[in-house]
Amino acid sequence: MAPPRNEKNQLFLGLFIHSIKLGELEYIHDSAVCVDKSGKIVALERSYTQKEAEEKLYPKLGWNANDVVVTIAEDGQFFFPGFIDTHLHAPQYPNVGIFGNSTLLDWLNKYTFPMEASLSSLPKARRVYTRVVRQTLSHGTTTAAYYATIHVPSTNLLADLCLSMGQRAFVGRVCMDNLGPDYYLDESPAASLSATQATIDHIRSIDESFDLVSPILTPRFAPACSREAMTGLGKLHKETGLPIQTHISENVNEIQLVRDMFPDCENYADVYDKFGLLGKRTILAHAIHLNEEEADLIAGKGSKVSHCPCSNSALTSGEARVRWLLEKGIGVGLGTDMSGGYSPSVLEAARQAALVSNHLAMPAGKWSDVPPDERERAKLSVEEVLHLATRGGASVVGLEHKIGGFEVGKEWDAQLIGLGLVSETPDEHDMADTGNVDVFGWEKWEERIAKWVFNGDDRNVKKVWVRGRLVHERK
């Protein structure tokens with residue numbers, strides 16, 4: 001079973017906005033994008049009308065107008081690449097917003113492990129996973145790197161749902177045979193590896209080439225895995241080339257735990273490297289408290305970082321130095337990290353990434369001994385966080401050649417965003433819900449985008465496509 005092809009070719013007309021590099025958005029006005037039945041962009045023509053497309057482009061592409069679906073962005077609307085969530089825990093979705101007064105390790109035991117363990121029930125797993133896929137799609141997330149649970153059947157169900165609902169996804173059965181509650185652990189290293197292979201085999205059976213849904217090796221974090229399990233996962237990665245996702249340096253108590261458990265390793269990053277789990281296809285969530293040696297090792301190995309600012313603030317874990325990571329040559333994307341994070345929205349993660357970076361620039365903060373000019377450089381702009389949410393995320397999950405922008409040859413993973421236009425003569429009795437973003441008409445497009453980043457939500461997401469397939473439409 002492979003992802004379905006689209007029944008018709010498609011023409012998109014209007015304003016297209018995408019990041020072309022860190023800190024720079026390109027605004028392509030009044031243009032046309034053609035997407036074929038495989039979901040691939042086959043033409044982009046600037047300053048082009050529907051009539052011109054029908055008369056010039058269709059013949060060149062061998063298209064018939066009766067076999068083309070046309071979508072036109074209205075005034076105040078624009079097409080934007082789909083968001084890429086590089087780190088989230090699907091089974092934790094029912095707990096979003098529930099933190100208590102916990103920090104990371106206490107929170108795991110109080111809230112997270114009981115919820116994850118309960119999803120051994122397939123009816124409950126279906127209820128939760130259907131909702132998390134639907135919610136993330138509604139917020140414009142076209143690609144998600146999911147952690148599931150230790151259970152093979154419910155992890156396989158998550159993969160099935162992603163395929164049927166049309167979301168591009170990496171689905172990982174969580175490996176943890178150590179340092180967890182007795183009721184929620186893999187029985188042994190061998191059992192952990194066998195269960196992981198079972199999920200890999202299942203995903204291959206539903207999407208043989210991993211075109212839309214891919215397995216991803218998922219050691220929860222170093223303390224949760226025995227040395228034997230990590231050795232086996234490193235070997236499996238070497239044999240299959242499958243991507244890896246895990247956590248690193250999220251919390252100071254966690255880091256001390258790693259030191260105590262792995263005294264033969266130089267640091268947290270060295271643990272993963274020693275077991276063959278640090279490479280070009282590795283996604284490391286958080287990376288808040290890395291030291292220089294760790295950052296250099298990660299950069300040298302080509303591993304990437306998922307920055308999760310909502311979670312890092314909610315669990316008081318700390319502030320990741322994103323600019324520092326980028327300048328080290330480490331690719332960075334954004335993660336919602338539900339349910340450490342409180343929202344399924346990558347746009348929320350983007351705005352929080354900007355705000356958290358501002359904290360690094362504050363004179364009385366943790367980095368107060370850093371020279372003011374260097375602190376100021378830590379701040380991330382609107383354009384930069386949108387890059388992390390799209391093209392940066394594509395690189396983190398290893399799909400930069402497929403998604404993240406609107407170049408010919410890339411696949412059409414996109415969202416149609418609509419901003420609320422305020423009438424010249426507003427009716428004081430008008431109670432229509434057009435969302436949080438009010439555009440008065442005098443704003444430049446750069447200013448409208450800033451208003452969207454800091455005020456936007458799912459009400460602005462009108463339509464979402466993955467590989468050209470319409471997977472969400474706001475009614």
# chains A, B, ... in the order shown; residues from 1 in each chain; ligands from 1
$ residues_around --residues "A:Lys301" --least-positions-apart "5" --cutoff "10 Å" --atoms "only C-alpha atoms" --output "NGL selection string"
:A and (273 or 278-282 or 295-296 or 330)
$ select_by_dssp --residues "stretch 403-463 of chain A" --states "helix (DSSP H, G or I)" --output "mmCIF file with all heavy atoms, in the first residue's frame"
data_model
loop_
_atom_site.group_PDB
_atom_site.id
_atom_site.type_symbol
_atom_site.label_atom_id
_atom_site.label_comp_id
_atom_site.auth_asym_id
_atom_site.auth_seq_id
_atom_site.Cartn_x
_atom_site.Cartn_y
_atom_site.Cartn_z
ATOM 1 N N TRP A 445 3.816 43.949 3.619
ATOM 2 C CA TRP A 445 3.683 42.513 3.803
ATOM 3 C C TRP A 445 4.614 41.987 4.887
ATOM 4 O O TRP A 445 4.264 41.060 5.622
ATOM 5 C CB TRP A 445 3.903 41.775 2.480
ATOM 6 C CG TRP A 445 2.591 41.497 1.809
ATOM 7 C CD1 TRP A 445 2.050 42.126 0.735
ATOM 8 C CD2 TRP A 445 1.618 40.535 2.241
ATOM 9 N NE1 TRP A 445 0.797 41.613 0.446
ATOM 10 C CE2 TRP A 445 0.513 40.625 1.354
ATOM 11 C CE3 TRP A 445 1.566 39.603 3.274
ATOM 12 C CZ2 TRP A 445 -0.626 39.827 1.484
ATOM 13 C CZ3 TRP A 445 0.434 38.801 3.401
ATOM 14 C CH2 TRP A 445 -0.646 38.913 2.519
ATOM 15 N N GLU A 446 5.788 42.571 5.041
ATOM 16 C CA GLU A 446 6.698 42.149 6.119
ATOM 17 C C GLU A 446 6.045 42.367 7.484
ATOM 18 O O GLU A 446 6.234 41.564 8.406
ATOM 19 C CB GLU A 446 8.012 42.919 6.029
ATOM 20 C CG GLU A 446 8.872 42.571 4.824
ATOM 21 C CD GLU A 446 8.439 43.289 3.555
ATOM 22 O OE1 GLU A 446 7.440 44.053 3.598
ATOM 23 O OE2 GLU A 446 9.099 43.089 2.519
ATOM 24 N N GLU A 447 5.273 43.440 7.597
ATOM 25 C CA GLU A 447 4.591 43.730 8.860
ATOM 26 C C GLU A 447 3.406 42.796 9.072
ATOM 27 O O GLU A 447 3.120 42.375 10.201
ATOM 28 C CB GLU A 447 4.142 45.196 8.868
ATOM 29 C CG GLU A 447 5.308 46.170 8.841
ATOM 30 C CD GLU A 447 4.899 47.604 8.537
ATOM 31 O OE1 GLU A 447 3.832 47.822 7.919
ATOM 32 O OE2 GLU A 447 5.663 48.514 8.913
ATOM 33 N N ARG A 448 2.724 42.453 8.003
ATOM 34 C CA ARG A 448 1.621 41.493 8.120
ATOM 35 C C ARG A 448 2.133 40.129 8.587
ATOM 36 O O ARG A 448 1.492 39.459 9.407
ATOM 37 C CB ARG A 448 0.907 41.335 6.775
ATOM 38 C CG ARG A 448 0.226 42.613 6.286
ATOM 39 C CD ARG A 448 -0.559 42.355 5.004
ATOM 40 N NE ARG A 448 -1.062 43.598 4.443
ATOM 41 C CZ ARG A 448 -2.000 43.662 3.503
ATOM 42 N NH1 ARG A 448 -2.505 42.538 3.003
ATOM 43 N NH2 ARG A 448 -2.416 44.826 3.033
ATOM 44 N N ILE A 449 3.280 39.727 8.066
ATOM 45 C CA ILE A 449 3.861 38.445 8.477
ATOM 46 C C ILE A 449 4.246 38.477 9.958
ATOM 47 O O ILE A 449 4.028 37.504 10.695
ATOM 48 C CB ILE A 449 5.079 38.095 7.595
ATOM 49 C CG1 ILE A 449 4.628 37.820 6.156
ATOM 50 C CG2 ILE A 449 5.822 36.887 8.155
ATOM 51 C CD1 ILE A 449 3.627 36.689 6.011
ATOM 52 N N ALA A 450 4.789 39.602 10.411
ATOM 53 C CA ALA A 450 5.130 39.729 11.835
ATOM 54 C C ALA A 450 3.866 39.631 12.698
ATOM 55 O O ALA A 450 3.866 38.972 13.750
ATOM 56 C CB ALA A 450 5.851 41.048 12.088
ATOM 57 N N LYS A 451 2.787 40.261 12.246
ATOM 58 C CA LYS A 451 1.530 40.187 13.000
ATOM 59 C C LYS A 451 1.021 38.748 13.036
ATOM 60 O O LYS A 451 0.505 38.281 14.062
ATOM 61 C CB LYS A 451 0.482 41.111 12.359
ATOM 62 C CG LYS A 451 0.811 42.582 12.497
ATOM 63 C CD LYS A 451 -0.219 43.481 11.830
ATOM 64 C CE LYS A 451 -1.408 43.716 12.732
ATOM 65 N NZ LYS A 451 -2.255 44.847 12.259
ATOM 66 N N TRP A 452 1.177 38.035 11.910
ATOM 67 C CA TRP A 452 0.763 36.626 11.875
ATOM 68 C C TRP A 452 1.587 35.786 12.849
ATOM 69 O O TRP A 452 1.029 34.981 13.613
ATOM 70 C CB TRP A 452 0.897 36.097 10.450
ATOM 71 C CG TRP A 452 0.698 34.630 10.294
ATOM 72 C CD1 TRP A 452 -0.374 33.884 10.712
ATOM 73 C CD2 TRP A 452 1.597 33.703 9.663
ATOM 74 N NE1 TRP A 452 -0.197 32.554 10.376
ATOM 75 C CE2 TRP A 452 1.001 32.419 9.731
ATOM 76 C CE3 TRP A 452 2.833 33.843 9.030
ATOM 77 C CZ2 TRP A 452 1.617 31.283 9.200
ATOM 78 C CZ3 TRP A 452 3.437 32.715 8.491
ATOM 79 C CH2 TRP A 452 2.833 31.451 8.585
ATOM 80 N N VAL A 453 2.902 35.971 12.842
ATOM 81 C CA VAL A 453 3.756 35.171 13.721
ATOM 82 C C VAL A 453 3.376 35.383 15.180
ATOM 83 O O VAL A 453 3.295 34.417 15.961
ATOM 84 C CB VAL A 453 5.249 35.487 13.483
ATOM 85 C CG1 VAL A 453 6.116 34.901 14.595
ATOM 86 C CG2 VAL A 453 5.689 34.943 12.123
ATOM 87 N N PHE A 454 3.118 36.620 15.581
ATOM 88 C CA PHE A 454 2.878 36.879 17.004
ATOM 89 C C PHE A 454 1.410 36.799 17.416
ATOM 90 O O PHE A 454 1.103 36.756 18.612
ATOM 91 C CB PHE A 454 3.475 38.231 17.398
ATOM 92 C CG PHE A 454 4.971 38.176 17.533
ATOM 93 C CD1 PHE A 454 5.797 38.724 16.562
ATOM 94 C CD2 PHE A 454 5.557 37.538 18.605
ATOM 95 C CE1 PHE A 454 7.181 38.649 16.670
ATOM 96 C CE2 PHE A 454 6.932 37.449 18.730
ATOM 97 C CZ PHE A 454 7.748 38.003 17.768
ATOM 98 N N ASN A 455 0.489 36.749 16.459
ATOM 99 C CA ASN A 455 -0.933 36.707 16.810
ATOM 100 C C ASN A 455 -1.703 35.569 16.147
ATOM 101 O O ASN A 455 -2.848 35.315 16.502
ATOM 102 C CB ASN A 455 -1.617 38.026 16.418
ATOM 103 C CG ASN A 455 -1.098 39.203 17.210
ATOM 104 O OD1 ASN A 455 -1.420 39.370 18.380
ATOM 105 N ND2 ASN A 455 -0.291 40.041 16.575
ATOM 106 N N ASP A 458 -4.699 28.618 14.436
ATOM 107 C CA ASP A 458 -5.277 27.726 13.437
ATOM 108 C C ASP A 458 -6.426 28.364 12.663
ATOM 109 O O ASP A 458 -6.773 27.891 11.574
ATOM 110 C CB ASP A 458 -5.730 26.421 14.101
ATOM 111 C CG ASP A 458 -6.760 26.640 15.197
ATOM 112 O OD1 ASP A 458 -6.590 27.570 15.998
ATOM 113 O OD2 ASP A 458 -7.732 25.863 15.263
ATOM 114 N N ARG A 459 -7.019 29.438 13.175
ATOM 115 C CA ARG A 459 -8.090 30.104 12.435
ATOM 116 C C ARG A 459 -7.580 30.744 11.151
ATOM 117 O O ARG A 459 -8.349 31.000 10.228
ATOM 118 C CB ARG A 459 -8.767 31.157 13.316
ATOM 119 C CG ARG A 459 -9.617 30.563 14.432
ATOM 120 C CD ARG A 459 -10.070 31.611 15.413
ATOM 121 N NE ARG A 459 -8.951 32.154 16.183
ATOM 122 C CZ ARG A 459 -9.075 33.083 17.120
ATOM 123 N NH1 ARG A 459 -10.270 33.597 17.395
ATOM 124 N NH2 ARG A 459 -8.016 33.503 17.788
ATOM 125 N N ASN A 460 -6.278 30.995 11.085
ATOM 126 C CA ASN A 460 -5.700 31.568 9.869
ATOM 127 C C ASN A 460 -5.325 30.504 8.840
ATOM 128 O O ASN A 460 -5.022 30.842 7.695
ATOM 129 C CB ASN A 460 -4.447 32.383 10.218
ATOM 130 C CG ASN A 460 -4.733 33.493 11.207
ATOM 131 O OD1 ASN A 460 -4.261 33.454 12.347
ATOM 132 N ND2 ASN A 460 -5.526 34.465 10.800
#
$ closest_residue --among "A:Pro81, A:Pro215, A:Gly329, A:Gly300" --to "A:Glu26" --atoms "only C-alpha atoms"
A:Pro81
$ atom_distance --atom1 "atom CA of A:Ala229" --atom2 "atom CA of A:Met176"
8.3 Å
$ residues_around --residues "stretch 133-136 of chain A" --least-positions-apart "3" --cutoff "7 Å" --atoms "only C-alpha atoms" --output "list in words"
Tyr129, Thr130, His139, Gly140, Thr141, Cys162, Pro344 and Ser345 of chain A
$ write_last_selection --atoms "N, CA and C atoms" --output "CSV table (one decimal), in the first residue's frame"
chain,number,residue,atom,x,y,z
A,129,TYR,N,-4.6,9.4,19.0
A,129,TYR,CA,-3.7,9.6,17.8
A,129,TYR,C,-4.5,10.2,16.7
A,130,THR,N,-5.8,9.9,16.5
A,130,THR,CA,-6.6,10.5,15.5
A,130,THR,C,-6.6,12.0,15.7
A,139,HIS,N,-3.2,23.0,12.3
A,139,HIS,CA,-2.2,24.1,12.6
A,139,HIS,C,-1.2,24.3,11.5
A,140,GLY,N,-1.3,23.5,10.4
A,140,GLY,CA,-0.4,23.7,9.3
A,140,GLY,C,0.9,22.8,9.3
A,141,THR,N,0.9,21.8,10.2
A,141,THR,CA,2.0,20.9,10.3
A,141,THR,C,1.8,19.8,9.3
A,162,CYS,N,-1.4,8.3,10.2
A,162,CYS,CA,-0.6,9.3,9.4
A,162,CYS,C,-0.8,9.1,7.9
A,344,PRO,N,-0.1,22.4,20.0
A,344,PRO,CA,0.2,21.6,18.8
A,344,PRO,C,0.7,22.5,17.7
A,345,SER,N,0.9,23.8,17.9
A,345,SER,CA,1.2,24.7,16.9
A,345,SER,C,2.7,25.0,16.7
$ select_by_dssp --residues "stretch 25-232 of chain A" --states "strand (DSSP E)" --output "ChimeraX atom specification"
/A:25-35,41-45,68-72,77-81,83-89,141-147,168-172,174-175,213-215,218-219
$ write_last_selection --atoms "N, CA and C atoms" --output "short mmCIF file (atom, residue, chain, number, x, y, z; two decimals), in the first residue's frame"
data_model
loop_
_atom_site.label_atom_id
_atom_site.label_comp_id
_atom_site.auth_asym_id
_atom_site.auth_seq_id
_atom_site.Cartn_x
_atom_site.Cartn_y
_atom_site.Cartn_z
N LEU A 25 12.96 36.10 3.80
CA LEU A 25 11.76 35.59 3.16
C LEU A 25 11.67 36.15 1.75
N GLU A 26 11.19 35.34 0.83
CA GLU A 26 10.94 35.80 -0.53
C GLU A 26 9.43 35.91 -0.72
N TYR A 27 8.99 37.04 -1.30
CA TYR A 27 7.58 37.31 -1.56
C TYR A 27 7.38 37.24 -3.08
N ILE A 28 6.65 36.24 -3.53
CA ILE A 28 6.44 36.02 -4.96
C ILE A 28 4.98 36.39 -5.27
N HIS A 29 4.77 37.62 -5.73
CA HIS A 29 3.43 38.15 -5.91
C HIS A 29 2.81 37.73 -7.24
N ASP A 30 1.48 37.57 -7.23
CA ASP A 30 0.69 37.39 -8.46
C ASP A 30 1.30 36.33 -9.37
N SER A 31 1.59 35.19 -8.81
CA SER A 31 2.31 34.16 -9.56
C SER A 31 1.52 32.86 -9.64
N ALA A 32 2.06 31.91 -10.39
CA ALA A 32 1.39 30.64 -10.62
C ALA A 32 2.34 29.49 -10.30
N VAL A 33 1.82 28.49 -9.59
CA VAL A 33 2.56 27.26 -9.31
C VAL A 33 1.74 26.08 -9.81
N CYS A 34 2.37 25.24 -10.59
CA CYS A 34 1.71 24.03 -11.10
C CYS A 34 2.23 22.81 -10.34
N VAL A 35 1.30 21.97 -9.90
CA VAL A 35 1.63 20.76 -9.14
C VAL A 35 1.00 19.58 -9.86
N ILE A 41 5.97 20.00 -7.55
CA ILE A 41 5.93 21.28 -8.24
C ILE A 41 6.66 21.14 -9.57
N VAL A 42 5.94 21.40 -10.66
CA VAL A 42 6.54 21.23 -11.99
C VAL A 42 6.74 22.56 -12.70
N ALA A 43 6.18 23.64 -12.16
CA ALA A 43 6.39 24.96 -12.76
C ALA A 43 6.08 26.05 -11.75
N LEU A 44 6.86 27.12 -11.80
CA LEU A 44 6.59 28.34 -11.03
C LEU A 44 6.82 29.51 -11.96
N GLU A 45 5.77 30.26 -12.24
CA GLU A 45 5.86 31.40 -13.14
C GLU A 45 5.45 32.66 -12.41
N VAL A 68 -7.58 19.89 -14.28
CA VAL A 68 -6.80 20.74 -13.38
C VAL A 68 -7.72 21.36 -12.33
N VAL A 69 -7.33 21.25 -11.06
CA VAL A 69 -8.01 21.93 -9.97
C VAL A 69 -7.29 23.25 -9.71
N VAL A 70 -8.02 24.34 -9.68
CA VAL A 70 -7.42 25.67 -9.52
C VAL A 70 -7.75 26.22 -8.12
N THR A 71 -6.73 26.67 -7.41
CA THR A 71 -6.90 27.31 -6.10
C THR A 71 -6.31 28.71 -6.17
N ILE A 72 -7.12 29.71 -5.87
CA ILE A 72 -6.68 31.10 -5.96
C ILE A 72 -6.68 31.73 -4.57
N GLN A 77 -4.68 36.70 1.59
CA GLN A 77 -4.24 35.31 1.74
C GLN A 77 -2.91 35.09 1.05
N PHE A 78 -2.20 34.06 1.48
CA PHE A 78 -0.93 33.70 0.85
C PHE A 78 -0.63 32.24 1.09
N PHE A 79 0.15 31.66 0.20
CA PHE A 79 0.61 30.29 0.35
C PHE A 79 1.95 30.30 1.08
N PHE A 80 2.10 29.38 2.02
CA PHE A 80 3.32 29.29 2.83
C PHE A 80 3.68 27.81 2.96
N PRO A 81 4.97 27.46 2.98
CA PRO A 81 5.32 26.04 3.15
C PRO A 81 4.73 25.45 4.43
N PHE A 83 4.47 23.59 7.90
CA PHE A 83 5.36 23.57 9.06
C PHE A 83 5.88 22.15 9.30
N ILE A 84 7.08 22.08 9.86
CA ILE A 84 7.72 20.80 10.15
C ILE A 84 8.01 20.74 11.65
N ASP A 85 7.30 19.84 12.31
CA ASP A 85 7.46 19.66 13.76
C ASP A 85 8.50 18.57 13.98
N THR A 86 9.68 18.97 14.42
CA THR A 86 10.79 18.03 14.49
C THR A 86 10.85 17.24 15.80
N HIS A 87 9.86 17.46 16.69
CA HIS A 87 9.89 16.72 17.96
C HIS A 87 8.55 16.84 18.68
N LEU A 88 7.81 15.72 18.75
CA LEU A 88 6.58 15.72 19.56
C LEU A 88 6.23 14.29 19.95
N HIS A 89 5.56 14.18 21.10
CA HIS A 89 5.18 12.90 21.67
C HIS A 89 3.68 12.71 21.48
N THR A 141 0.87 21.82 10.24
CA THR A 141 2.00 20.89 10.33
C THR A 141 1.85 19.79 9.29
N THR A 142 2.68 19.84 8.28
CA THR A 142 2.61 18.85 7.21
C THR A 142 3.57 17.69 7.44
N THR A 143 4.58 17.90 8.27
CA THR A 143 5.53 16.83 8.62
C THR A 143 5.73 16.82 10.13
N ALA A 144 5.70 15.62 10.72
CA ALA A 144 5.88 15.50 12.17
C ALA A 144 6.80 14.33 12.48
N ALA A 145 7.72 14.56 13.41
CA ALA A 145 8.60 13.50 13.92
C ALA A 145 8.03 13.05 15.26
N TYR A 146 7.31 11.92 15.22
CA TYR A 146 6.56 11.45 16.38
C TYR A 146 7.34 10.43 17.21
N TYR A 147 7.27 10.61 18.52
CA TYR A 147 7.56 9.55 19.47
C TYR A 147 6.22 8.90 19.77
N ARG A 168 2.75 13.70 6.43
CA ARG A 168 4.11 13.16 6.31
C ARG A 168 4.64 12.96 7.73
N ALA A 169 5.22 11.81 8.02
CA ALA A 169 5.57 11.54 9.41
C ALA A 169 6.75 10.58 9.53
N PHE A 170 7.47 10.77 10.61
CA PHE A 170 8.45 9.82 11.11
C PHE A 170 7.85 9.26 12.40
N VAL A 171 7.70 7.96 12.47
CA VAL A 171 7.03 7.35 13.62
C VAL A 171 8.00 6.42 14.32
N GLY A 172 8.25 6.69 15.58
CA GLY A 172 9.22 5.92 16.34
C GLY A 172 8.61 5.18 17.51
N VAL A 174 9.11 3.88 20.96
CA VAL A 174 10.04 4.31 21.99
C VAL A 174 10.76 3.11 22.60
N CYS A 175 12.09 3.18 22.63
CA CYS A 175 12.91 2.14 23.25
C CYS A 175 13.29 2.58 24.65
N VAL A 213 5.46 8.01 5.15
CA VAL A 213 5.66 7.62 6.56
C VAL A 213 6.92 6.77 6.66
N SER A 214 7.80 7.17 7.57
CA SER A 214 9.07 6.47 7.75
C SER A 214 9.24 6.05 9.20
N PRO A 215 9.82 4.88 9.44
CA PRO A 215 10.21 4.55 10.82
C PRO A 215 11.41 5.40 11.22
N THR A 218 14.24 5.23 18.00
CA THR A 218 13.88 6.17 19.06
C THR A 218 14.29 5.69 20.44
N PRO A 219 15.59 5.75 20.76
CA PRO A 219 15.98 5.56 22.16
C PRO A 219 15.49 6.76 22.96
#
$ closest_residue --among "A:Gly341, A:Pro94, A:Pro4, A:Gly23" --to "A:Glu384" --atoms "only C-alpha atoms"
A:Gly23
$ decode --residues "stretch 142-150 of chain A" --atoms "all heavy atoms" --output "PDB file, in the first residue's frame"
ATOM      1  N   THR A 142       2.679  19.844   8.281  1.00  0.00           N
ATOM      2  CA  THR A 142       2.608  18.854   7.206  1.00  0.00           C
ATOM      3  C   THR A 142       3.567  17.687   7.436  1.00  0.00           C
ATOM      4  O   THR A 142       3.391  16.621   6.844  1.00  0.00           O
ATOM      5  CB  THR A 142       2.911  19.520   5.855  1.00  0.00           C
ATOM      6  OG1 THR A 142       4.137  20.250   5.960  1.00  0.00           O
ATOM      7  CG2 THR A 142       1.795  20.476   5.467  1.00  0.00           C
ATOM      8  N   THR A 143       4.580  17.896   8.274  1.00  0.00           N
ATOM      9  CA  THR A 143       5.534  16.834   8.616  1.00  0.00           C
ATOM     10  C   THR A 143       5.728  16.818  10.126  1.00  0.00           C
ATOM     11  O   THR A 143       5.926  17.874  10.737  1.00  0.00           O
ATOM     12  CB  THR A 143       6.894  17.053   7.932  1.00  0.00           C
ATOM     13  OG1 THR A 143       6.729  17.044   6.527  1.00  0.00           O
ATOM     14  CG2 THR A 143       7.887  15.972   8.325  1.00  0.00           C
ATOM     15  N   ALA A 144       5.700  15.623  10.718  1.00  0.00           N
ATOM     16  CA  ALA A 144       5.875  15.500  12.170  1.00  0.00           C
ATOM     17  C   ALA A 144       6.804  14.334  12.482  1.00  0.00           C
ATOM     18  O   ALA A 144       6.688  13.259  11.886  1.00  0.00           O
ATOM     19  CB  ALA A 144       4.527  15.288  12.852  1.00  0.00           C
ATOM     20  N   ALA A 145       7.725  14.559  13.414  1.00  0.00           N
ATOM     21  CA  ALA A 145       8.595  13.498  13.921  1.00  0.00           C
ATOM     22  C   ALA A 145       8.028  13.048  15.263  1.00  0.00           C
ATOM     23  O   ALA A 145       8.213  13.713  16.282  1.00  0.00           O
ATOM     24  CB  ALA A 145      10.033  13.999  14.068  1.00  0.00           C
ATOM     25  N   TYR A 146       7.309  11.921  15.221  1.00  0.00           N
ATOM     26  CA  TYR A 146       6.556  11.445  16.381  1.00  0.00           C
ATOM     27  C   TYR A 146       7.337  10.429  17.210  1.00  0.00           C
ATOM     28  O   TYR A 146       7.923   9.493  16.669  1.00  0.00           O
ATOM     29  CB  TYR A 146       5.266  10.760  15.930  1.00  0.00           C
ATOM     30  CG  TYR A 146       4.171  11.659  15.444  1.00  0.00           C
ATOM     31  CD1 TYR A 146       3.717  11.582  14.129  1.00  0.00           C
ATOM     32  CD2 TYR A 146       3.541  12.550  16.304  1.00  0.00           C
ATOM     33  CE1 TYR A 146       2.677  12.381  13.678  1.00  0.00           C
ATOM     34  CE2 TYR A 146       2.497  13.357  15.865  1.00  0.00           C
ATOM     35  CZ  TYR A 146       2.072  13.271  14.549  1.00  0.00           C
ATOM     36  OH  TYR A 146       1.045  14.060  14.108  1.00  0.00           O
ATOM     37  N   TYR A 147       7.270  10.613  18.518  1.00  0.00           N
ATOM     38  CA  TYR A 147       7.563   9.549  19.467  1.00  0.00           C
ATOM     39  C   TYR A 147       6.216   8.895  19.769  1.00  0.00           C
ATOM     40  O   TYR A 147       5.230   9.593  20.045  1.00  0.00           O
ATOM     41  CB  TYR A 147       8.122  10.079  20.777  1.00  0.00           C
ATOM     42  CG  TYR A 147       9.561  10.557  20.744  1.00  0.00           C
ATOM     43  CD1 TYR A 147       9.973  11.548  19.856  1.00  0.00           C
ATOM     44  CD2 TYR A 147      10.499  10.058  21.633  1.00  0.00           C
ATOM     45  CE1 TYR A 147      11.280  12.004  19.836  1.00  0.00           C
ATOM     46  CE2 TYR A 147      11.812  10.507  21.632  1.00  0.00           C
ATOM     47  CZ  TYR A 147      12.194  11.483  20.735  1.00  0.00           C
ATOM     48  OH  TYR A 147      13.497  11.936  20.723  1.00  0.00           O
ATOM     49  N   ALA A 148       6.143   7.564  19.728  1.00  0.00           N
ATOM     50  CA  ALA A 148       4.922   6.858  20.103  1.00  0.00           C
ATOM     51  C   ALA A 148       5.127   6.308  21.523  1.00  0.00           C
ATOM     52  O   ALA A 148       5.574   7.031  22.409  1.00  0.00           O
ATOM     53  CB  ALA A 148       4.599   5.777  19.085  1.00  0.00           C
ATOM     54  N   THR A 149       4.810   5.049  21.743  1.00  0.00           N
ATOM     55  CA  THR A 149       5.018   4.405  23.043  1.00  0.00           C
ATOM     56  C   THR A 149       5.873   3.159  22.829  1.00  0.00           C
ATOM     57  O   THR A 149       6.375   2.908  21.743  1.00  0.00           O
ATOM     58  CB  THR A 149       3.665   3.976  23.662  1.00  0.00           C
ATOM     59  OG1 THR A 149       3.097   2.934  22.839  1.00  0.00           O
ATOM     60  CG2 THR A 149       2.699   5.150  23.744  1.00  0.00           C
ATOM     61  N   ILE A 150       6.000   2.345  23.869  1.00  0.00           N
ATOM     62  CA  ILE A 150       6.764   1.106  23.729  1.00  0.00           C
ATOM     63  C   ILE A 150       5.942   0.013  23.056  1.00  0.00           C
ATOM     64  O   ILE A 150       6.479  -1.026  22.699  1.00  0.00           O
ATOM     65  CB  ILE A 150       7.274   0.599  25.102  1.00  0.00           C
ATOM     66  CG1 ILE A 150       6.121   0.155  26.002  1.00  0.00           C
ATOM     67  CG2 ILE A 150       8.117   1.659  25.790  1.00  0.00           C
ATOM     68  CD1 ILE A 150       6.567  -0.531  27.292  1.00  0.00           C
TER      69      ILE A 150
END
